[in-house]
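What follows is the content of target-v9.cif (mmCIF, C-alpha atoms).
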```cif
data_structure
#
loop_
_atom_site.label_atom_id
_atom_site.label_comp_id
_atom_site.auth_asym_id
_atom_site.auth_seq_id
_atom_site.Cartn_x
_atom_site.Cartn_y
_atom_site.Cartn_z
CA MET A 7 29.89 0.27 16.82
CA ALA A 8 27.85 3.02 15.26
CA GLN A 9 24.86 0.78 14.68
CA ALA A 10 24.56 -0.74 18.15
CA PRO A 11 24.92 1.91 20.84
CA LEU A 12 24.53 0.78 24.43
CA LYS A 13 21.08 2.36 24.62
CA LEU A 14 19.47 2.23 21.19
CA ARG A 15 16.02 2.20 22.77
CA ASP A 16 15.16 2.86 26.40
CA GLU A 17 13.46 0.11 28.40
CA GLN A 18 10.05 1.75 28.21
CA ALA A 19 10.12 1.99 24.42
CA LYS A 20 11.41 -1.58 24.16
CA THR A 21 8.57 -2.91 26.31
CA ALA A 22 6.03 -0.99 24.24
CA TYR A 23 7.47 -2.39 20.99
CA LEU A 24 7.49 -5.92 22.38
CA ASN A 25 3.89 -5.61 23.52
CA ARG A 26 2.84 -4.46 20.05
CA LEU A 27 4.63 -7.38 18.42
CA ARG A 28 3.14 -9.87 20.87
CA ARG A 29 -0.33 -8.58 20.03
CA ILE A 30 0.45 -9.03 16.33
CA GLU A 31 1.77 -12.54 17.03
CA GLY A 32 -1.57 -13.20 18.76
CA GLN A 33 -3.38 -11.94 15.65
CA ILE A 34 -1.41 -14.34 13.46
CA ARG A 35 -2.19 -17.25 15.78
CA GLY A 36 -5.83 -16.18 15.65
CA LEU A 37 -5.61 -16.43 11.85
CA GLU A 38 -4.19 -19.96 12.13
CA LYS A 39 -7.14 -20.92 14.30
CA MET A 40 -9.56 -19.38 11.80
CA ILE A 41 -8.08 -21.46 8.98
CA ASP A 42 -8.06 -24.55 11.18
CA ASP A 43 -11.73 -23.96 12.07
CA ASP A 44 -12.71 -23.45 8.39
CA LYS A 45 -13.81 -19.87 8.95
CA TYR A 46 -15.27 -17.91 6.06
CA CYS A 47 -12.64 -16.37 3.70
CA ILE A 48 -13.93 -12.83 4.01
CA ASP A 49 -13.74 -12.96 7.82
CA VAL A 50 -10.19 -14.27 7.57
CA LEU A 51 -9.30 -11.48 5.11
CA THR A 52 -10.70 -8.85 7.49
CA GLN A 53 -8.35 -10.11 10.19
CA VAL A 54 -5.41 -10.20 7.76
CA SER A 55 -6.06 -6.52 6.95
CA ALA A 56 -6.08 -5.72 10.69
CA ALA A 57 -2.78 -7.54 11.26
CA THR A 58 -1.19 -5.86 8.24
CA LYS A 59 -2.24 -2.44 9.51
CA ALA A 60 -0.87 -3.24 12.98
CA LEU A 61 2.48 -4.18 11.41
CA GLU A 62 2.50 -0.95 9.39
CA SER A 63 1.80 1.12 12.50
CA PHE A 64 4.61 -0.69 14.34
CA ALA A 65 6.96 0.11 11.44
CA LEU A 66 5.93 3.77 11.38
CA ALA A 67 6.52 4.13 15.13
CA LEU A 68 9.95 2.52 14.81
CA LEU A 69 10.83 4.73 11.85
CA ASP A 70 9.74 7.86 13.71
CA ASP A 71 11.98 6.88 16.63
CA HIS A 72 14.82 6.15 14.24
CA LEU A 73 14.58 9.56 12.56
CA GLY A 74 14.44 11.27 15.96
CA SER A 75 17.43 9.41 17.41
CA CYS A 76 19.94 7.71 15.05
CA VAL A 77 19.38 10.01 12.07
CA LYS A 78 19.29 13.14 14.23
CA ASP A 79 22.46 12.14 16.06
CA ALA A 80 24.22 11.39 12.78
CA VAL A 81 23.25 14.76 11.31
CA ARG A 82 24.50 16.51 14.43
CA ALA A 83 27.80 14.63 14.25
CA GLY A 84 28.02 15.81 10.64
CA GLY A 85 30.03 14.39 7.78
CA ASN A 86 29.22 11.61 5.37
CA VAL A 87 27.57 9.45 8.01
CA ALA A 88 24.60 11.81 8.08
CA ASP A 89 23.98 11.45 4.35
CA ASP A 90 24.39 7.68 4.57
CA LYS A 91 21.84 7.50 7.39
CA ILE A 92 19.35 9.61 5.44
CA LYS A 93 19.81 7.48 2.32
CA GLU A 94 19.36 4.33 4.41
CA ALA A 95 16.17 5.72 5.99
CA SER A 96 14.79 6.69 2.56
CA GLN A 97 15.36 3.17 1.30
CA ALA A 98 13.58 1.71 4.33
CA ILE A 99 10.66 4.08 3.72
CA ALA A 100 10.52 2.98 0.08
CA ARG A 101 10.30 -0.67 1.14
CA LEU A 102 7.38 0.21 3.42
CA VAL A 103 5.53 2.21 0.75
CA ARG A 104 5.92 -0.25 -2.13
CA MET B 1 -25.14 -22.33 6.33
CA ALA B 2 -24.11 -20.52 3.18
CA GLN B 3 -20.89 -19.24 4.72
CA ALA B 4 -19.61 -22.54 6.12
CA PRO B 5 -19.98 -25.36 3.60
CA LEU B 6 -18.72 -28.75 4.66
CA LYS B 7 -15.63 -28.36 2.48
CA LEU B 8 -14.73 -24.69 2.28
CA ARG B 9 -11.09 -25.55 1.69
CA ASP B 10 -9.67 -28.99 0.96
CA GLU B 11 -7.11 -30.44 3.35
CA GLN B 12 -4.19 -29.70 1.04
CA ALA B 13 -5.09 -26.01 0.72
CA LYS B 14 -5.67 -25.79 4.47
CA THR B 15 -2.25 -27.24 5.25
CA ALA B 16 -0.60 -24.85 2.79
CA TYR B 17 -2.37 -21.86 4.37
CA LEU B 18 -1.43 -22.98 7.87
CA ASN B 19 2.21 -23.40 6.86
CA ARG B 20 2.28 -19.89 5.42
CA LEU B 21 0.79 -18.46 8.60
CA ARG B 22 3.22 -20.40 10.80
CA ARG B 23 6.12 -18.98 8.82
CA ILE B 24 4.70 -15.48 9.31
CA GLU B 25 4.27 -16.19 13.04
CA GLY B 26 7.95 -17.18 13.04
CA GLN B 27 8.81 -13.88 11.36
CA ILE B 28 6.94 -11.96 14.07
CA ARG B 29 8.73 -13.89 16.80
CA GLY B 30 11.99 -13.11 15.01
CA LEU B 31 11.04 -9.42 15.20
CA GLU B 32 10.43 -9.73 18.96
CA LYS B 33 13.90 -11.23 19.36
CA MET B 34 15.40 -8.40 17.28
CA ILE B 35 13.80 -5.79 19.54
CA ASP B 36 14.85 -7.75 22.63
CA ASP B 37 18.43 -7.93 21.32
CA ASP B 38 18.52 -4.19 20.54
CA LYS B 39 18.98 -4.75 16.83
CA TYR B 40 19.40 -1.76 14.55
CA CYS B 41 16.11 -0.08 13.52
CA ILE B 42 16.70 -0.36 9.78
CA ASP B 43 17.33 -4.10 10.04
CA VAL B 44 14.12 -4.48 12.05
CA LEU B 45 12.22 -2.44 9.43
CA THR B 46 13.53 -4.66 6.64
CA GLN B 47 12.09 -7.68 8.44
CA VAL B 48 8.79 -5.87 9.05
CA SER B 49 8.51 -5.20 5.31
CA ALA B 50 9.14 -8.89 4.60
CA ALA B 51 6.45 -9.98 7.08
CA THR B 52 3.98 -7.44 5.68
CA LYS B 53 4.59 -8.71 2.16
CA ALA B 54 4.13 -12.32 3.30
CA LEU B 55 0.79 -11.37 4.88
CA GLU B 56 -0.28 -9.61 1.66
CA SER B 57 0.62 -12.67 -0.42
CA PHE B 58 -1.34 -14.88 1.96
CA ALA B 59 -4.34 -12.57 1.59
CA LEU B 60 -4.09 -12.54 -2.20
CA ALA B 61 -3.95 -16.34 -2.33
CA LEU B 62 -6.99 -16.61 -0.07
CA LEU B 63 -8.87 -14.03 -2.12
CA ASP B 64 -8.07 -15.83 -5.37
CA ASP B 65 -9.42 -19.08 -3.88
CA HIS B 66 -12.49 -17.24 -2.64
CA LEU B 67 -13.27 -15.78 -6.06
CA GLY B 68 -12.77 -19.18 -7.68
CA SER B 69 -14.98 -21.06 -5.22
CA CYS B 70 -17.53 -19.14 -3.10
CA VAL B 71 -18.06 -16.27 -5.53
CA LYS B 72 -18.13 -18.56 -8.56
CA ASP B 73 -20.61 -20.91 -6.88
CA ALA B 74 -22.83 -18.01 -5.87
CA VAL B 75 -22.85 -16.61 -9.42
CA ARG B 76 -23.74 -20.03 -10.79
CA ALA B 77 -26.57 -20.36 -8.28
CA GLY B 78 -27.76 -16.95 -9.50
CA GLY B 79 -29.99 -14.45 -7.75
CA ASN B 80 -29.16 -11.75 -5.25
CA VAL B 81 -26.64 -13.88 -3.39
CA ALA B 82 -24.23 -13.51 -6.31
CA ASP B 83 -24.34 -9.73 -6.18
CA ASP B 84 -23.94 -9.78 -2.39
CA LYS B 85 -20.88 -12.01 -2.68
CA ILE B 86 -19.32 -9.75 -5.29
CA LYS B 87 -19.97 -6.66 -3.20
CA GLU B 88 -18.51 -8.40 -0.15
CA ALA B 89 -15.39 -9.41 -2.11
CA SER B 90 -14.98 -5.85 -3.44
CA GLN B 91 -15.09 -4.50 0.09
CA ALA B 92 -12.47 -7.02 1.23
CA ILE B 93 -10.26 -5.99 -1.71
CA ALA B 94 -10.66 -2.33 -0.76
CA ARG B 95 -9.51 -3.12 2.79
CA LEU B 96 -6.41 -4.81 1.39
CA VAL B 97 -5.56 -1.96 -0.98
CA ARG B 98 -6.05 0.94 1.43
CA MET C 25 -14.17 -10.03 -29.39
CA ALA C 26 -14.73 -11.29 -25.89
CA GLN C 27 -12.89 -8.41 -24.34
CA ALA C 28 -14.72 -5.58 -26.08
CA PRO C 29 -18.46 -6.08 -26.00
CA LEU C 30 -20.57 -3.38 -27.59
CA LYS C 31 -21.61 -2.06 -24.17
CA LEU C 32 -18.79 -2.70 -21.71
CA ARG C 33 -19.87 0.27 -19.61
CA ASP C 34 -23.08 2.24 -19.89
CA GLU C 35 -22.91 5.95 -20.69
CA GLN C 36 -23.64 7.01 -17.11
CA ALA C 37 -20.80 4.89 -15.67
CA LYS C 38 -18.47 6.11 -18.41
CA THR C 39 -19.21 9.75 -17.63
CA ALA C 40 -18.68 9.14 -13.92
CA TYR C 41 -15.31 7.44 -14.59
CA LEU C 42 -14.22 10.24 -16.91
CA ASN C 43 -15.15 12.87 -14.33
CA ARG C 44 -13.11 11.08 -11.68
CA LEU C 45 -10.09 10.88 -13.96
CA ARG C 46 -10.40 14.54 -14.95
CA ARG C 47 -10.39 15.50 -11.27
CA ILE C 48 -7.25 13.41 -10.78
CA GLU C 49 -5.69 15.05 -13.84
CA GLY C 50 -6.49 18.39 -12.18
CA GLN C 51 -4.76 17.20 -9.00
CA ILE C 52 -1.63 16.29 -10.99
CA ARG C 53 -1.63 19.70 -12.69
CA GLY C 54 -2.04 21.25 -9.23
CA LEU C 55 1.08 19.34 -8.18
CA GLU C 56 3.00 20.72 -11.17
CA LYS C 57 2.01 24.23 -10.14
CA MET C 58 3.11 23.54 -6.55
CA ILE C 59 6.56 22.43 -7.75
CA ASP C 60 6.73 25.40 -10.12
CA ASP C 61 5.83 27.76 -7.26
CA ASP C 62 8.44 26.18 -4.92
CA LYS C 63 5.84 25.01 -2.44
CA TYR C 64 6.97 23.27 0.73
CA CYS C 65 7.75 19.54 0.29
CA ILE C 66 5.36 18.37 2.99
CA ASP C 67 2.46 20.24 1.40
CA VAL C 68 3.30 18.71 -1.96
CA LEU C 69 3.46 15.24 -0.36
CA THR C 70 0.03 15.74 1.21
CA GLN C 71 -1.39 16.41 -2.25
CA VAL C 72 0.44 13.41 -3.72
CA SER C 73 -1.18 11.20 -1.07
CA ALA C 74 -4.59 12.61 -1.97
CA ALA C 75 -4.07 11.96 -5.69
CA THR C 76 -2.79 8.43 -4.99
CA LYS C 77 -5.87 7.68 -2.89
CA ALA C 78 -8.15 9.06 -5.61
CA LEU C 79 -6.47 6.76 -8.16
CA GLU C 80 -6.89 3.78 -5.81
CA SER C 81 -10.59 4.56 -5.35
CA PHE C 82 -11.01 4.82 -9.11
CA ALA C 83 -9.34 1.42 -9.50
CA LEU C 84 -11.51 -0.17 -6.83
CA ALA C 85 -14.69 1.16 -8.45
CA LEU C 86 -13.60 -0.17 -11.83
CA LEU C 87 -12.68 -3.54 -10.35
CA ASP C 88 -16.02 -3.80 -8.57
CA ASP C 89 -17.81 -3.12 -11.88
CA HIS C 90 -15.59 -5.64 -13.61
CA LEU C 91 -16.38 -8.40 -11.10
CA GLY C 92 -20.09 -7.61 -11.33
CA SER C 93 -20.19 -7.62 -15.14
CA CYS C 94 -17.42 -9.35 -17.12
CA VAL C 95 -16.47 -11.89 -14.45
CA LYS C 96 -20.09 -12.61 -13.57
CA ASP C 97 -21.04 -13.05 -17.21
CA ALA C 98 -18.09 -15.37 -17.81
CA VAL C 99 -18.97 -17.52 -14.80
CA ARG C 100 -22.57 -17.75 -16.00
CA ALA C 101 -21.39 -18.75 -19.47
CA GLY C 102 -19.30 -21.44 -17.75
CA GLY C 103 -16.26 -23.28 -19.00
CA ASN C 104 -12.61 -22.33 -18.94
CA VAL C 105 -13.28 -18.69 -19.71
CA ALA C 106 -14.68 -18.23 -16.18
CA ASP C 107 -11.49 -19.51 -14.57
CA ASP C 108 -9.36 -17.38 -16.88
CA LYS C 109 -11.36 -14.28 -15.97
CA ILE C 110 -11.02 -14.98 -12.25
CA LYS C 111 -7.28 -15.55 -12.57
CA GLU C 112 -6.95 -12.35 -14.57
CA ALA C 113 -8.91 -10.41 -11.94
CA SER C 114 -6.78 -11.87 -9.14
CA GLN C 115 -3.63 -10.76 -10.91
CA ALA C 116 -5.03 -7.23 -11.35
CA ILE C 117 -5.89 -7.16 -7.63
CA ALA C 118 -2.34 -8.27 -6.76
CA ARG C 119 -0.92 -5.39 -8.83
CA LEU C 120 -3.13 -2.95 -6.91
CA VAL C 121 -2.18 -4.34 -3.48
CA ARG C 122 1.58 -4.59 -3.98
CA MET D 6 9.90 32.13 6.37
CA ALA D 7 11.29 28.80 7.47
CA GLN D 8 9.19 26.89 5.01
CA ALA D 9 10.00 28.82 1.85
CA PRO D 10 13.75 29.44 1.56
CA LEU D 11 14.91 31.23 -1.57
CA LYS D 12 16.19 27.97 -3.04
CA LEU D 13 14.07 25.10 -1.79
CA ARG D 14 14.93 23.06 -4.86
CA ASP D 15 17.58 23.86 -7.46
CA GLU D 16 16.49 24.35 -11.06
CA GLN D 17 17.71 20.94 -12.15
CA ALA D 18 15.71 19.11 -9.45
CA LYS D 19 12.67 21.26 -10.23
CA THR D 20 12.82 20.39 -13.92
CA ALA D 21 13.20 16.70 -13.11
CA TYR D 22 10.19 16.80 -10.79
CA LEU D 23 8.10 18.65 -13.35
CA ASN D 24 9.01 16.16 -16.06
CA ARG D 25 7.94 13.28 -13.81
CA LEU D 26 4.62 14.94 -13.06
CA ARG D 27 4.01 15.71 -16.74
CA ARG D 28 4.56 12.05 -17.58
CA ILE D 29 2.06 11.10 -14.86
CA GLU D 30 -0.40 13.68 -16.23
CA GLY D 31 0.05 11.99 -19.61
CA GLN D 32 -0.70 8.62 -18.02
CA ILE D 33 -3.94 10.01 -16.53
CA ARG D 34 -4.96 11.45 -19.91
CA GLY D 35 -4.17 8.04 -21.41
CA LEU D 36 -6.57 6.52 -18.88
CA GLU D 37 -9.28 8.98 -19.90
CA LYS D 38 -8.82 7.94 -23.51
CA MET D 39 -9.00 4.25 -22.53
CA ILE D 40 -12.33 4.82 -20.76
CA ASP D 41 -13.57 6.91 -23.67
CA ASP D 42 -12.58 4.14 -26.11
CA ASP D 43 -14.29 1.44 -23.98
CA LYS D 44 -11.05 -0.40 -23.30
CA TYR D 45 -11.13 -3.60 -21.31
CA CYS D 46 -11.22 -3.08 -17.49
CA ILE D 47 -8.15 -5.19 -16.78
CA ASP D 48 -6.06 -3.18 -19.26
CA VAL D 49 -7.27 0.05 -17.66
CA LEU D 50 -6.41 -1.33 -14.20
CA THR D 51 -2.89 -2.21 -15.35
CA GLN D 52 -2.37 1.40 -16.39
CA VAL D 53 -3.85 2.69 -13.11
CA SER D 54 -1.31 0.55 -11.21
CA ALA D 55 1.50 2.01 -13.32
CA ALA D 56 0.34 5.59 -12.66
CA THR D 57 -0.03 4.89 -8.93
CA LYS D 58 3.49 3.48 -8.78
CA ALA D 59 4.85 6.50 -10.66
CA LEU D 60 3.17 8.81 -8.13
CA GLU D 61 4.64 6.80 -5.25
CA SER D 62 8.13 7.02 -6.75
CA PHE D 63 7.71 10.77 -7.21
CA ALA D 64 6.70 11.05 -3.53
CA LEU D 65 9.64 8.95 -2.36
CA ALA D 66 12.10 11.07 -4.35
CA LEU D 67 10.62 14.27 -2.91
CA LEU D 68 10.70 12.85 0.61
CA ASP D 69 14.34 11.78 0.21
CA ASP D 70 15.23 15.31 -0.90
CA HIS D 71 13.25 16.75 1.99
CA LEU D 72 15.08 14.62 4.58
CA GLY D 73 18.43 15.53 3.04
CA SER D 74 17.74 19.26 2.92
CA CYS D 75 15.01 20.78 5.15
CA VAL D 76 15.17 18.14 7.89
CA LYS D 77 18.98 18.02 7.87
CA ASP D 78 19.21 21.82 8.02
CA ALA D 79 16.72 21.97 10.89
CA VAL D 80 18.62 19.35 12.87
CA ARG D 81 21.87 21.24 12.32
CA ALA D 82 20.24 24.48 13.47
CA GLY D 83 19.10 22.57 16.58
CA GLY D 84 16.29 23.32 18.98
CA ASN D 85 12.62 22.48 18.79
CA VAL D 86 12.38 23.11 15.06
CA ALA D 87 14.34 19.91 14.42
CA ASP D 88 11.88 17.79 16.37
CA ASP D 89 8.95 19.49 14.68
CA LYS D 90 10.41 18.78 11.25
CA ILE D 91 11.00 15.14 12.10
CA LYS D 92 7.47 14.75 13.43
CA GLU D 93 6.10 16.42 10.31
CA ALA D 94 8.14 14.11 8.05
CA SER D 95 6.95 11.04 10.00
CA GLN D 96 3.35 12.09 9.52
CA ALA D 97 3.90 12.55 5.78
CA ILE D 98 5.48 9.09 5.61
CA ALA D 99 2.48 7.61 7.45
CA ARG D 100 0.13 9.17 4.87
CA LEU D 101 2.15 7.56 2.08
CA VAL D 102 2.23 4.12 3.72
CA ARG D 103 -1.44 3.89 4.71
#
```

Turn this file's structure into structure tokens for me.
Amino acid sequence: MAQAPLKLRDEQAKTAYLNRLRRIEGQIRGLEKMIDDDKYCIDVLTQVSAATKALESFALALLDDHLGSCVKDAVRAGGNVADDKIKEASQAIARLVR
Amino acid sequence: MAQAPLKLRDEQAKTAYLNRLRRIEGQIRGLEKMIDDDKYCIDVLTQVSAATKALESFALALLDDHLGSCVKDAVRAGGNVADDKIKEASQAIARLVR
Amino acid sequence: MAQAPLKLRDEQAKTAYLNRLRRIEGQIRGLEKMIDDDKYCIDVLTQVSAATKALESFALALLDDHLGSCVKDAVRAGGNVADDKIKEASQAIARLVR
Amino acid sequence: MAQAPLKLRDEQAKTAYLNRLRRIEGQIRGLEKMIDDDKYCIDVLTQVSAATKALESFALALLDDHLGSCVKDAVRAGGNVADDKIKEASQAIARLVR
């Protein structure tokens, strides 16, 4: 399957991604506690902005990896797959920007 | 304390906010599972965009409540507090936009 | 008309807003020249990001003024108009964030 | 020069990009007129959001073209240039997202 190679990400990258997501999960649980403890709106909003930025950074790191692996490999292999991969990446970028 | 009135949010609003955050926490855990299961980057990115948008909507709902309660109350009370609250809200909005 | 008081913005604020917009207009014309001169995509994108951020800052300044004048005045006047103004501001903020 | 091939963009693409930018320039001039005519803040903000979104769409179209031409060509040529181009594109994407 083109979309699920045996080694899409090496173990080191996978661990790093998981750690980032677990930190974000911790931020979301922190937000739940803030709401539960009736914390001030503005302080909650500051933490929401931090979590949103952490998610964006995670996405940008993943996208960078994707361009440097899947998209690069597809372009090297040539043919229509390359154009499909580029189109697919552009659409993912658009969803992140908008 | 000006920033922690007895009833900052009513119980209904609090429950609704907590449910939204728990859904987002579920989305983040779903992302961890996707990384763990070596899911395709683009599919992971699609879910990141969904979680980011859910966080933004949560923030906008909270901000709307804040303007309609804390800021409104401060303006009614008059004086410098009102201007401080508006400045504080503007800064929170700027953090969400940038 | 509630939405067009005689002095919505003072002359100084108006001049400052106009100067900001004229600088942004200059940035857009700079972009046209870059495309016309076949400049490198990445350099064009850098300038697009700068113009986008300038527009966002303009919007945030205008919104801050709006909260501190129209919304504040409406809240002081009391009644339904205050809630309408806050709702309207929240919707404008949502359009900026999304 | 790697960054300025004879035909970075064909004439048709160039015309399309210029037309988009001229429409955005028109939107900015429209904003200047709105400020000059003391238009209501919320109506100005709605137009700012529209102009910002038009700039984002312009950037996404340019980026898509860039990935499908410069980046693709660099990957095909192989070597370090490919990785540099991908890194450069990732950084441009990050500037658009943040």

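Going from CA of Lys78 in chain A to CA of Lys77 in chain D covers 8.0 Å.
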
Contacts of Ala98 in chain A at 9 Å or less, counting only C-alpha atoms, minus same-chain residues fewer than 4 places along, as a ChimeraX atom specification? /A:69,93-94,102-103 /B:42-43,45-46,49

For the residues in the current selection, export C-alpha atoms as a PDB file, keeping the file's coordinate frame.
```
ATOM      1  CA  LEU A  69      10.830   4.730  11.850  1.00  0.00           C
ATOM      2  CA  LYS A  93      19.810   7.480   2.320  1.00  0.00           C
ATOM      3  CA  GLU A  94      19.360   4.330   4.410  1.00  0.00           C
ATOM      4  CA  LEU A 102       7.380   0.210   3.420  1.00  0.00           C
ATOM      5  CA  VAL A 103       5.530   2.210   0.750  1.00  0.00           C
TER       6      VAL A 103
ATOM      7  CA  ILE B  42      16.700  -0.360   9.780  1.00  0.00           C
ATOM      8  CA  ASP B  43      17.330  -4.100  10.040  1.00  0.00           C
ATOM      9  CA  LEU B  45      12.220  -2.440   9.430  1.00  0.00           C
ATOM     10  CA  THR B  46      13.530  -4.660   6.640  1.00  0.00           C
ATOM     11  CA  SER B  49       8.510  -5.200   5.310  1.00  0.00           C
TER      12      SER B  49
END
```

Gap from CA of Thr20 in chain D to CA of Asp62 in chain C - Å, one decimal: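 About the pair CA of Thr20 in chain D and CA of Asp62 in chain C: they are 11.6 Å apart.
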
Ala55 in chain D surroundings by all atoms listed in the file, 12 Å radius, close-in-sequence under 4 positions cut, as a PyMOL selection string: (chain C and resi 76+79-80+83+116+119-120+122) or (chain D and resi 28-29+31-33+35-36+48-51+59-62)

The selected residues should be written to file as a compact mmCIF listing (two decimals), in the coordinates of the input (atoms: C-alpha atoms).
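Once written, selection-v6.txt looks like this:
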```
# COMPACT_ATOMS: atom_id res chain seq x y z
CA THR C 76 -2.79 8.43 -4.99
CA LEU C 79 -6.47 6.76 -8.16
CA GLU C 80 -6.89 3.78 -5.81
CA ALA C 83 -9.34 1.42 -9.50
CA ALA C 116 -5.03 -7.23 -11.35
CA ARG C 119 -0.92 -5.39 -8.83
CA LEU C 120 -3.13 -2.95 -6.91
CA ARG C 122 1.58 -4.59 -3.98
CA ARG D 28 4.56 12.05 -17.58
CA ILE D 29 2.06 11.10 -14.86
CA GLY D 31 0.05 11.99 -19.61
CA GLN D 32 -0.70 8.62 -18.02
CA ILE D 33 -3.94 10.01 -16.53
CA GLY D 35 -4.17 8.04 -21.41
CA LEU D 36 -6.57 6.52 -18.88
CA ASP D 48 -6.06 -3.18 -19.26
CA VAL D 49 -7.27 0.05 -17.66
CA LEU D 50 -6.41 -1.33 -14.20
CA THR D 51 -2.89 -2.21 -15.35
CA ALA D 59 4.85 6.50 -10.66
CA LEU D 60 3.17 8.81 -8.13
CA GLU D 61 4.64 6.80 -5.25
CA SER D 62 8.13 7.02 -6.75
```

Check the smallest atom-to-atom distance from each of D:Val80, D:Val53, D:Ala99, D:Val86 to Ala85 in chain C using all atoms listed in the file, then report the winner.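 When distances to Ala85 in chain C are compared using all atoms listed in the file, the smallest one comes from D:Val53.
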
Around all the atoms of range 54-61 of chain B listed in the file, draw an axis-aligned box and extend it by 4 Å on each of the six sides; I want its centre and edge lengths in Å to one decimal, as lines of an AutoDock Vina configuration file.
```
center_x = -0.1
center_y = -13.0
center_z = 1.3
size_x = 16.5
size_y = 14.7
size_z = 15.2
```

Chain B residues within 6 Å of chain C, counting all atoms listed in the file: which ones, as a compact mmCIF listing (two decimals) with C-alpha atoms, in the coordinates of the input?
```txt
# COMPACT_ATOMS: atom_id res chain seq x y z
CA ASP B 64 -8.07 -15.83 -5.37
CA ARG B 76 -23.74 -20.03 -10.79
CA SER B 90 -14.98 -5.85 -3.44
CA VAL B 97 -5.56 -1.96 -0.98
```
